[in-house]
$ cat final-v1.pdb   # PDB, C-alpha atoms
MODEL        1
ATOM      1  CA  MET A  22      -1.364   4.823 -23.102
ATOM      2  CA  LYS A  23      -4.541   2.839 -22.506
ATOM      3  CA  LEU A  24      -5.434   0.082 -20.079
ATOM      4  CA  GLU A  25      -6.566  -1.943 -23.077
ATOM      5  CA  ASP A  26      -2.882  -2.351 -23.877
ATOM      6  CA  LEU A  27      -2.741  -4.767 -20.961
ATOM      7  CA  LYS A  28      -4.442  -7.293 -23.239
ATOM      8  CA  LYS A  29      -1.358  -7.301 -25.439
ATOM      9  CA  ILE A  30       0.833  -7.935 -22.433
ATOM     10  CA  ARG A  31      -1.542 -10.701 -21.416
ATOM     11  CA  GLU A  32      -1.363 -12.320 -24.855
ATOM     12  CA  LYS A  33       2.389 -12.121 -24.931
ATOM     13  CA  ALA A  34       2.637 -13.738 -21.516
ATOM     14  CA  ALA A  35      -0.123 -16.281 -22.196
ATOM     15  CA  LYS A  36       2.225 -19.173 -22.776
ATOM     16  CA  ASP A  37       3.922 -19.118 -19.429
ATOM     17  CA  ILE A  38       1.168 -17.915 -17.110
ATOM     18  CA  GLU A  39       0.457 -21.336 -15.651
ATOM     19  CA  LEU A  40       4.107 -22.095 -15.312
ATOM     20  CA  ARG A  41       4.662 -18.857 -13.435
ATOM     21  CA  GLN A  42       1.873 -19.393 -10.985
ATOM     22  CA  LYS A  43       3.284 -22.806 -10.168
ATOM     23  CA  ASN A  44       6.826 -21.600  -9.900
ATOM     24  CA  ALA A  45       6.773 -18.523  -7.700
ATOM     25  CA  ARG A  46      10.191 -19.394  -6.367
ATOM     26  CA  ILE A  47      10.501 -16.595  -3.864
ATOM     27  CA  LYS A  48       7.987 -14.622  -1.861
ATOM     28  CA  ILE A  49       9.017 -11.274  -0.373
ATOM     29  CA  VAL A  50       6.791  -9.970   2.411
ATOM     30  CA  VAL A  51       7.029  -6.324   3.463
ATOM     31  CA  GLY A  52       5.823  -5.284   6.936
ATOM     32  CA  MET A  53       3.360  -2.425   6.421
ATOM     33  CA  GLY A  54       1.990  -1.646   9.869
ATOM     34  CA  THR A  55       1.624   1.955  11.019
ATOM     35  CA  SER A  56       5.200   2.053  12.256
ATOM     36  CA  GLY A  57       6.499   0.383   9.085
ATOM     37  CA  ILE A  58       4.728   2.906   6.889
ATOM     38  CA  ALA A  59       5.980   5.789   9.020
ATOM     39  CA  ALA A  60       9.498   4.385   8.775
ATOM     40  CA  GLY A  61       9.433   4.161   4.983
ATOM     41  CA  ALA A  62       7.929   0.756   4.078
ATOM     42  CA  ARG A  63       6.239   2.231   1.000
ATOM     43  CA  GLU A  64       9.564   3.389  -0.406
ATOM     44  CA  VAL A  65      10.993  -0.084   0.252
ATOM     45  CA  LEU A  66       8.054  -1.767  -1.447
ATOM     46  CA  LYS A  67       8.362   0.586  -4.414
ATOM     47  CA  ALA A  68      12.088  -0.147  -4.745
ATOM     48  CA  LEU A  69      11.402  -3.905  -4.676
ATOM     49  CA  LEU A  70       8.707  -3.592  -7.350
ATOM     50  CA  ASP A  71      11.005  -1.458  -9.509
ATOM     51  CA  GLU A  72      13.833  -3.992  -9.286
ATOM     52  CA  ILE A  73      11.555  -6.940 -10.017
ATOM     53  CA  ALA A  74      10.141  -5.167 -13.050
ATOM     54  CA  ALA A  75      13.540  -3.981 -14.292
ATOM     55  CA  ARG A  76      15.140  -7.427 -13.903
ATOM     56  CA  ASN A  77      12.044  -9.212 -15.186
ATOM     57  CA  LEU A  78      11.952 -11.592 -12.229
ATOM     58  CA  THR A  79       8.858 -13.607 -13.120
ATOM     59  CA  ASP A  80       9.294 -16.075 -10.263
ATOM     60  CA  VAL A  81       9.197 -13.533  -7.418
ATOM     61  CA  MET A  82       6.026 -12.380  -5.670
ATOM     62  CA  VAL A  83       5.878  -9.331  -3.421
ATOM     63  CA  THR A  84       3.138  -9.022  -0.825
ATOM     64  CA  GLN A  85       2.582  -7.002   2.319
ATOM     65  CA  THR A  86       1.590  -7.758   5.850
ATOM     66  CA  GLY A  87       0.552  -5.719   8.897
ATOM     67  CA  GLU A  88       2.530  -4.921  12.015
ATOM     68  CA  LYS A  89       5.260  -7.458  12.718
ATOM     69  CA  GLY A  90       5.668  -6.648  16.389
ATOM     70  CA  LEU A  91       9.244  -5.439  16.017
ATOM     71  CA  ALA A  92       8.568  -1.763  15.440
ATOM     72  CA  SER A  93      12.129  -0.723  16.223
ATOM     73  CA  HIS A  94      13.348  -2.747  13.223
ATOM     74  CA  GLU A  95      10.835  -1.363  10.703
ATOM     75  CA  PRO A  96      10.816  -1.362   7.762
ATOM     76  CA  MET A  97      11.272  -5.120   7.698
ATOM     77  CA  ILE A  98      11.120  -7.594   4.867
ATOM     78  CA  GLU A  99      10.956 -11.377   4.896
ATOM     79  CA  VAL A 100      12.300 -13.532   2.116
ATOM     80  CA  HIS A 101      10.537 -16.882   1.800
ATOM     81  CA  GLU A 102      12.258 -19.312  -0.521
ATOM     82  CA  GLU A 103      11.065 -22.843  -1.085
ATOM     83  CA  GLY A 104      13.062 -25.376   0.883
ATOM     84  CA  LYS A 105      15.055 -22.718   2.728
ATOM     85  CA  ASP A 106      14.835 -20.880   6.039
ATOM     86  CA  VAL A 107      12.909 -17.618   6.092
ATOM     87  CA  VAL A 108      15.341 -14.701   6.180
ATOM     88  CA  ILE A 109      14.156 -11.541   7.941
ATOM     89  CA  TYR A 110      15.831  -8.235   7.202
ATOM     90  CA  GLY A 111      15.398  -5.174   9.425
ATOM     91  CA  ASN A 112      15.884  -1.410   9.185
ATOM     92  CA  ILE A 113      15.648  -1.569   5.412
ATOM     93  CA  ASP A 114      15.537   1.430   3.100
ATOM     94  CA  ALA A 115      15.114   1.601  -0.677
ATOM     95  CA  GLU A 116      18.842   1.280  -1.330
ATOM     96  CA  LYS A 117      19.214  -1.784   0.924
ATOM     97  CA  ALA A 118      16.118  -3.337  -0.675
ATOM     98  CA  ARG A 119      17.733  -3.035  -4.113
ATOM     99  CA  ARG A 120      20.859  -4.677  -2.791
ATOM    100  CA  ILE A 121      18.833  -7.554  -1.321
ATOM    101  CA  VAL A 122      17.223  -8.174  -4.713
ATOM    102  CA  ALA A 123      20.598  -8.168  -6.474
ATOM    103  CA  GLU A 124      22.505 -10.271  -3.970
ATOM    104  CA  HIS A 125      19.947 -12.494  -2.275
ATOM    105  CA  ILE A 126      17.144 -12.943  -4.803
ATOM    106  CA  VAL A 127      19.238 -13.017  -7.965
ATOM    107  CA  ASN A 128      22.582 -14.358  -6.739
ATOM    108  CA  HIS A 129      21.403 -16.423  -3.747
ATOM    109  CA  ASN A 130      23.705 -14.726  -1.231
ATOM    110  CA  PRO A 131      21.717 -13.283   1.677
ATOM    111  CA  VAL A 132      22.988  -9.836   2.697
ATOM    112  CA  THR A 133      24.024 -10.942   6.188
ATOM    113  CA  GLU A 134      24.696  -7.465   7.542
ATOM    114  CA  TYR A 135      20.984  -6.562   7.315
ATOM    115  CA  VAL A 136      19.640  -9.888   8.613
ATOM    116  CA  ILE A 137      17.946  -9.729  12.006
ATOM    117  CA  GLU A 138      16.516 -13.242  12.150
ATOM    118  CA  VAL A 139      16.541 -16.552  10.314
ATOM    119  CA  LYS A 140      13.766 -19.021  11.055
TER
ATOM    120  CA  MET B  25       5.890  10.278  12.462
ATOM    121  CA  MET B  26       3.382  10.155   9.618
ATOM    122  CA  ASP B  27       4.918  12.975   7.690
ATOM    123  CA  GLU B  28       2.879  12.591   4.519
ATOM    124  CA  ILE B  29      -0.828  12.391   3.779
ATOM    125  CA  CYS B  30      -0.108   9.383   1.545
ATOM    126  CA  ALA B  31       1.408   7.562   4.527
ATOM    127  CA  HIS B  32      -1.905   8.032   6.337
ATOM    128  CA  ILE B  33      -3.771   6.713   3.309
ATOM    129  CA  ALA B  34      -1.536   3.631   3.142
ATOM    130  CA  ASP B  35      -2.082   3.109   6.863
ATOM    131  CA  LEU B  36      -5.880   3.269   6.501
ATOM    132  CA  VAL B  37      -5.753   0.831   3.600
ATOM    133  CA  VAL B  38      -3.661  -1.612   5.631
ATOM    134  CA  ASN B  39      -6.274  -1.358   8.419
ATOM    135  CA  SER B  40      -8.998  -2.127   5.874
ATOM    136  CA  ILE B  41      -7.118  -5.187   4.689
ATOM    137  CA  SER B  42      -6.642  -6.359   8.288
ATOM    138  CA  ALA B  43     -10.421  -6.024   8.674
ATOM    139  CA  GLY B  44     -10.863  -8.474   5.818
ATOM    140  CA  ALA B  45     -11.862  -5.940   3.146
ATOM    141  CA  LYS B  46     -12.022  -7.216  -0.413
ATOM    142  CA  HIS B  47     -13.064  -3.903  -1.973
ATOM    143  CA  ILE B  48     -11.435  -0.640  -0.993
ATOM    144  CA  LYS B  49     -12.205   2.773  -2.417
ATOM    145  CA  VAL B  50      -9.748   5.619  -1.962
ATOM    146  CA  SER B  51     -10.669   9.187  -2.917
ATOM    147  CA  ILE B  52      -8.275  12.109  -2.905
ATOM    148  CA  GLU B  53      -9.555  15.519  -3.896
ATOM    149  CA  LYS B  54      -7.439  18.625  -3.966
ATOM    150  CA  SER B  55      -9.316  21.855  -4.554
ATOM    151  CA  ASN B  56      -7.624  25.222  -4.680
ATOM    152  CA  VAL B  57     -11.051  26.771  -5.188
ATOM    153  CA  LYS B  58     -12.351  25.332  -1.914
ATOM    154  CA  ASN B  59      -8.903  25.544  -0.297
ATOM    155  CA  GLU B  60      -9.352  21.937   0.721
ATOM    156  CA  LEU B  61      -7.652  18.577   0.568
ATOM    157  CA  PHE B  62     -10.150  15.765   1.092
ATOM    158  CA  VAL B  63      -9.318  12.126   1.647
ATOM    159  CA  LYS B  64     -11.686   9.207   2.046
ATOM    160  CA  VAL B  65     -11.095   5.470   2.432
ATOM    161  CA  SER B  66     -14.112   3.155   2.301
ATOM    162  CA  ASP B  67     -14.009  -0.589   2.730
ATOM    163  CA  ASP B  68     -16.241  -3.632   2.974
ATOM    164  CA  GLY B  69     -14.348  -5.119   5.889
ATOM    165  CA  LYS B  70     -15.888  -6.453   9.064
ATOM    166  CA  GLY B  71     -16.567  -3.000  10.554
ATOM    167  CA  MET B  72     -16.463  -2.058  14.221
ATOM    168  CA  ASP B  73     -18.889  -1.933  17.110
ATOM    169  CA  GLU B  74     -19.387   1.322  18.991
ATOM    170  CA  SER B  75     -16.939   0.617  21.766
ATOM    171  CA  THR B  76     -14.162  -0.408  19.359
ATOM    172  CA  LEU B  77     -14.879   2.681  17.288
ATOM    173  CA  LYS B  78     -14.424   4.926  20.325
ATOM    174  CA  HIS B  79     -11.244   3.108  21.168
ATOM    175  CA  VAL B  80      -9.899   3.576  17.644
ATOM    176  CA  ILE B  81     -10.486   7.321  17.763
ATOM    177  CA  ASP B  82      -9.185   7.708  21.285
ATOM    178  CA  PRO B  83      -6.859   4.817  22.169
ATOM    179  CA  PHE B  84      -6.958   5.761  25.836
ATOM    180  CA  PHE B  85     -10.731   5.632  25.996
ATOM    181  CA  SER B  86     -11.058   1.976  26.903
ATOM    182  CA  THR B  87      -9.368   0.109  29.697
ATOM    183  CA  LYS B  88      -9.933  -3.182  27.975
ATOM    184  CA  THR B  89      -6.676  -4.775  27.007
ATOM    185  CA  GLY B  90      -5.760  -6.997  24.136
ATOM    186  CA  ARG B  91      -7.103  -4.808  21.382
ATOM    187  CA  LYS B  92      -4.715  -4.430  18.541
ATOM    188  CA  VAL B  93      -5.341  -0.857  17.463
ATOM    189  CA  GLY B  94      -2.541   1.439  16.434
ATOM    190  CA  LEU B  95      -2.158   5.175  16.644
ATOM    191  CA  GLY B  96      -2.657   5.830  12.951
ATOM    192  CA  ILE B  97      -6.244   7.055  13.190
ATOM    193  CA  PRO B  98      -5.797   9.425  16.165
ATOM    194  CA  LEU B  99      -2.762  10.881  14.384
ATOM    195  CA  LEU B 100      -4.777  11.473  11.217
ATOM    196  CA  LYS B 101      -7.632  13.017  13.203
ATOM    197  CA  GLY B 102      -5.154  15.266  15.001
ATOM    198  CA  THR B 103      -3.548  16.398  11.750
ATOM    199  CA  ALA B 104      -6.928  17.131  10.136
ATOM    200  CA  GLU B 105      -8.106  19.158  13.112
ATOM    201  CA  THR B 106      -4.815  21.029  13.432
ATOM    202  CA  CYS B 107      -5.022  21.941   9.753
ATOM    203  CA  GLY B 108      -8.454  23.570   9.970
ATOM    204  CA  GLY B 109     -10.224  20.517   8.577
ATOM    205  CA  SER B 110     -12.398  17.765   9.929
ATOM    206  CA  PHE B 111     -12.356  14.047  10.571
ATOM    207  CA  ASN B 112     -15.203  11.581  10.399
ATOM    208  CA  ILE B 113     -15.482   7.830  10.764
ATOM    209  CA  LYS B 114     -18.526   5.662  10.111
ATOM    210  CA  SER B 115     -18.532   1.987  10.671
ATOM    211  CA  ILE B 116     -21.207  -0.666  10.517
ATOM    212  CA  GLN B 117     -20.442  -4.110  11.810
ATOM    213  CA  GLY B 118     -20.514  -6.651   9.039
ATOM    214  CA  LYS B 119     -20.708  -3.932   6.368
ATOM    215  CA  GLY B 120     -17.555  -1.895   6.444
ATOM    216  CA  THR B 121     -15.914   1.341   7.447
ATOM    217  CA  ASP B 122     -15.687   4.818   5.888
ATOM    218  CA  ILE B 123     -13.048   7.244   7.058
ATOM    219  CA  MET B 124     -12.965  10.837   5.864
ATOM    220  CA  ALA B 125     -10.509  13.601   6.608
ATOM    221  CA  SER B 126     -10.238  17.102   5.237
ATOM    222  CA  PHE B 127      -7.520  19.708   5.567
ATOM    223  CA  GLN B 128      -7.154  23.369   4.643
ATOM    224  CA  LEU B 129      -4.869  23.280   1.637
ATOM    225  CA  SER B 130      -3.153  26.517   2.586
ATOM    226  CA  HIS B 131      -2.621  25.590   6.242
ATOM    227  CA  PRO B 132       1.063  25.954   7.201
ATOM    228  CA  ASP B 133       0.988  22.727   9.249
ATOM    229  CA  LEU B 134      -0.403  20.608   6.431
ATOM    230  CA  PRO B 135       2.076  17.769   5.799
ATOM    231  CA  PRO B 136       3.122  17.202   2.179
ATOM    232  CA  LEU B 137       0.712  15.053   0.203
ATOM    233  CA  GLY B 138       3.454  12.585  -0.737
ATOM    234  CA  ASN B 139       3.697  10.513  -3.876
ATOM    235  CA  VAL B 140       0.178   9.525  -4.947
ATOM    236  CA  LYS B 141       1.377   7.505  -7.955
ATOM    237  CA  ASP B 142       3.712   5.310  -5.921
ATOM    238  CA  THR B 143       1.110   4.825  -3.215
ATOM    239  CA  ILE B 144      -1.477   3.613  -5.733
ATOM    240  CA  LEU B 145       1.045   1.317  -7.416
ATOM    241  CA  VAL B 146       2.433  -0.158  -4.222
ATOM    242  CA  LEU B 147      -0.976  -0.841  -2.649
ATOM    243  CA  SER B 148      -2.532  -2.285  -5.818
ATOM    244  CA  ILE B 149       0.333  -4.617  -6.611
ATOM    245  CA  SER B 150       1.180  -5.876  -3.166
ATOM    246  CA  ASN B 151      -2.441  -6.790  -2.399
ATOM    247  CA  PRO B 152      -3.449  -8.666  -5.546
ATOM    248  CA  GLU B 153      -6.476 -10.262  -3.858
ATOM    249  CA  VAL B 154      -8.080  -6.897  -3.033
ATOM    250  CA  ASP B 155     -10.022  -4.810  -5.574
ATOM    251  CA  PHE B 156      -9.061  -1.160  -5.351
ATOM    252  CA  PHE B 157     -10.843   1.828  -6.758
ATOM    253  CA  PHE B 158      -8.878   5.065  -6.657
ATOM    254  CA  ASP B 159     -10.594   8.334  -7.470
ATOM    255  CA  ILE B 160      -8.186  11.261  -7.791
ATOM    256  CA  LYS B 161      -9.421  14.770  -8.510
ATOM    257  CA  ASN B 162      -8.423  18.377  -8.556
ATOM    258  CA  ASP B 163     -10.383  21.427  -9.733
ATOM    259  CA  ILE B 164      -9.884  20.688 -13.395
ATOM    260  CA  MET B 165      -9.229  16.988 -13.865
ATOM    261  CA  SER B 166     -10.064  13.617 -12.464
ATOM    262  CA  PHE B 167      -8.603  10.146 -12.812
ATOM    263  CA  THR B 168      -9.877   6.767 -11.728
ATOM    264  CA  PHE B 169      -7.899   3.573 -11.334
ATOM    265  CA  ASN B 170      -9.841   0.359 -10.917
ATOM    266  CA  THR B 171      -7.803  -2.757 -10.233
ATOM    267  CA  LYS B 172     -10.800  -5.020 -10.814
ATOM    268  CA  GLU B 173     -10.980  -3.759 -14.375
ATOM    269  CA  ILE B 174      -7.235  -4.264 -14.716
ATOM    270  CA  LYS B 175      -7.431  -7.826 -13.419
ATOM    271  CA  THR B 176     -10.252  -8.586 -15.853
ATOM    272  CA  LEU B 177      -8.102  -7.340 -18.730
ATOM    273  CA  LEU B 178      -5.176  -9.395 -17.456
ATOM    274  CA  ASP B 179      -7.348 -12.520 -17.446
ATOM    275  CA  GLY B 180      -5.211 -14.634 -15.122
ATOM    276  CA  LEU B 181      -1.846 -12.930 -15.567
ATOM    277  CA  PRO B 182      -0.980 -11.782 -12.026
ATOM    278  CA  ILE B 183      -1.084  -8.024 -11.418
ATOM    279  CA  ASN B 184       2.317  -8.366  -9.735
ATOM    280  CA  SER B 185       4.060  -9.731 -12.848
ATOM    281  CA  PRO B 186       7.138  -7.725 -13.841
ATOM    282  CA  GLU B 187       5.749  -6.544 -17.183
ATOM    283  CA  VAL B 188       2.462  -5.494 -15.576
ATOM    284  CA  ILE B 189       4.256  -3.550 -12.819
ATOM    285  CA  LYS B 190       6.288  -1.772 -15.488
ATOM    286  CA  PHE B 191       3.193  -0.983 -17.536
ATOM    287  CA  LEU B 192       1.169   0.305 -14.592
ATOM    288  CA  LYS B 193       4.047   2.465 -13.402
ATOM    289  CA  ASN B 194       4.248   4.157 -16.816
ATOM    290  CA  TYR B 195       0.479   4.354 -17.048
ATOM    291  CA  LEU B 196       0.204   6.110 -13.686
ATOM    292  CA  ASP B 197       3.112   8.423 -14.557
ATOM    293  CA  GLU B 198       1.309   9.483 -17.691
ATOM    294  CA  HIS B 199      -2.211   9.801 -16.305
ATOM    295  CA  LEU B 200      -1.471  11.324 -12.912
ATOM    296  CA  ASP B 201       0.925  13.924 -14.167
ATOM    297  CA  PHE B 202      -1.731  16.561 -13.504
ATOM    298  CA  PHE B 203      -2.004  15.825  -9.828
ATOM    299  CA  ASN B 204       1.217  15.854  -7.845
TER
ENDMDL
END
$ encode --input "final-v1.pdb" --output "structure tokens"
Amino acid sequence: MKLEDLKKIREKAAKDIELRQKNARIKIVVGMGTSGIAAGAREVLKALLDEIAARNLTDVMVTQTGEKGLASHEPMIEVHEEGKDVVIYGNIDAEKARRIVAEHIVNHNPVTEYVIEVK
Amino acid sequence: MMDEICAHIADLVVNSISAGAKHIKVSIEKSNVKNELFVKVSDDGKGMDESTLKHVIDPFFSTKTGRKVGLGIPLLKGTAETCGGSFNIKSIQGKGTDIMASFQLSHPDLPPLGNVKDTILVLSISNPEVDFFFDIKNDIMSFTFNTKEIKTLLDGLPINSPEVIKFLKNYLDEHLDFFN
């Protein structure tokens, strides 16, 4: 397996690159401060990336941020969707993160039991 | 708390990003011959002045309030020193910061290294605007992972696209098999 193979992926995706950049429908932000990392934010981020890759969700972007100031709720993730309120989930683990992708991101039903704030 | 060396590395990288770094180099070297685990994170962020540096190493050093500095660095320093290793930090304002920690590989208190592959993947993909250079070595093999090179090959296709994530995951699985 060589990095050069990325060129093939690039060529295959060439047609819809512009479209994708315009249409990032959902942004997921993972809190990665010291407390978030200690509480398992990396595992959450990894689970999100795995799900996005496995489901081929080309309109979802995952990024990270520093401390969110709510250390007792770490790991936290925020779901930003155009034209909708930001949904903040707390005390997330890898399993819950997978569920959020399936139910909220794919099927548009926020997983209310994990929500700690909507703004 | 930080029960894995990789958690410390992720924490240092997040600090670097908060300091505005655009280029971050992470080295991990595991040597059975030298009985040493060595970790270094270098960045081109805004750096720290002397008083901030002292505060970062010993958060109770300064009485000034309002500084947002966590406990990650003192914890790493403590772990390194407990494990028969050393800790060093160099920072130049406007240039960047280098943090180095070493540990005796055989020390009973050494926390597990953690998953190096996942740490590289997660940091590289969730910070697409930062160029990462990872340098991973043991006594017999070495591996480098340069996200700038990857982004050049991708020529505009975001590094956090599903097919790229999938590719990089497999690529790291294959090439870092020697390390964990």
$ residues_around --input "final-v1.pdb" --residues "Asn39 of chain B" --least-positions-apart "4" --cutoff "10 Å" --atoms "only C-alpha atoms" --output "list in words"
Met53, Gly54, Thr55 and Gly87 of chain A; Ile33, Ala34, Asp35, Ala43, Gly44, Ala45, Asp67, Gly69, Val93, Gly94, Gly96 and Ile97 of chain B
$ interface_residues --input "final-v1.pdb" --of "chain A" --to "chain B" --cutoff "6 Å" --atoms "only C-alpha atoms" --output "list in words"
Lys28, Arg31, Thr55, Ala59, Lys67, Ile73, Ala74, Asn77, Val83, Thr84 and Gln85 of chain A
$ closest_residue --input "final-v1.pdb" --among "A:Leu91, A:Ala75, A:Met22, A:Val108" --to "Ile47 of chain A" --atoms "all atoms listed in the file"
A:Val108
$ axis_aligned_box --input "final-v1.pdb" --around "segment 73-77 of chain A" --padding-each-side "4 Å" --output "AutoDock Vina command-line options"
--center_x 12.6 --center_y -6.6 --center_z -12.6 --size_x 13.0 --size_y 13.2 --size_z 13.2
$ atom_distance --input "final-v1.pdb" --atom1 "atom CA of Thr103 of chain B" --atom2 "atom CA of Ile164 of chain B"
26.3 Å
$ resolve_selection --input "final-v1.pdb" --expression "the PyMOL selection byres ((chain A and resi 60) around 9)" --output "list in words"
Thr55, Ser56, Gly57, Ile58, Ala59, Gly61, Ala62, Arg63, Glu95, Pro96, Asn112 and Asp114 of chain A; Met25 and Met26 of chain B
$ atom_distance --input "final-v1.pdb" --atom1 "atom CA of Lys114 of chain B" --atom2 "atom CA of Gln128 of chain B"
21.7 Å
$ atom_distance --input "final-v1.pdb" --atom1 "atom CA of Asp82 of chain B" --atom2 "atom CA of Lys64 of chain B"
19.5 Å
$ closest_residue --input "final-v1.pdb" --among "B:Cys107, B:Val37, B:Met165, B:Ile52" --to "Gly138 of chain B" --atoms "only C-alpha atoms"
B:Ile52
$ residues_around --input "final-v1.pdb" --residues "Lys119 of chain B" --least-positions-apart "3" --cutoff "6 Å" --atoms "all atoms listed in the file" --output "PyMOL selection string"
chain B and resi 68+71+116
$ resolve_selection --input "final-v1.pdb" --expression "the PyMOL selection byres ((chain A and resi 120-135) around 8)" --output "MDAnalysis selection string"
chainID A and resid 47 69 72:73 108 110:113 116:119 136:137
$ residues_around --input "final-v1.pdb" --residues "Glu99 of chain A" --least-positions-apart "3" --cutoff "6 Å" --atoms "only C-alpha atoms" --output "list in words"
Ile49, Val50, Val108 and Ile109 of chain A
$ residues_around --input "final-v1.pdb" --residues "Lys101 of chain B" --least-positions-apart "2" --cutoff "8 Å" --atoms "all atoms listed in the file" --output "PyMOL selection string"
chain B and resi 81+97-99+103-105+110-111+125
$ write_last_selection --input "final-v1.pdb" --atoms "C-alpha atoms" --output "PDB file, in the frame of the given file"
ATOM      1  CA  ILE B  81     -10.486   7.321  17.763  1.00  0.00           C
ATOM      2  CA  ILE B  97      -6.244   7.055  13.190  1.00  0.00           C
ATOM      3  CA  PRO B  98      -5.797   9.425  16.165  1.00  0.00           C
ATOM      4  CA  LEU B  99      -2.762  10.881  14.384  1.00  0.00           C
ATOM      5  CA  THR B 103      -3.548  16.398  11.750  1.00  0.00           C
ATOM      6  CA  ALA B 104      -6.928  17.131  10.136  1.00  0.00           C
ATOM      7  CA  GLU B 105      -8.106  19.158  13.112  1.00  0.00           C
ATOM      8  CA  SER B 110     -12.398  17.765   9.929  1.00  0.00           C
ATOM      9  CA  PHE B 111     -12.356  14.047  10.571  1.00  0.00           C
ATOM     10  CA  ALA B 125     -10.509  13.601   6.608  1.00  0.00           C
TER      11      ALA B 125
END
$ residues_around --input "final-v1.pdb" --residues "Gly109 of chain B" --least-positions-apart "6" --cutoff "12 Å" --atoms "only C-alpha atoms" --output "list in words"
Lys58, Asn59, Glu60, Leu61, Phe62, Val63, Leu100, Lys101, Gly102, Thr103, Met124, Ala125, Ser126, Phe127, Gln128, Leu129, Ser130, His131, Asp133 and Leu134 of chain B
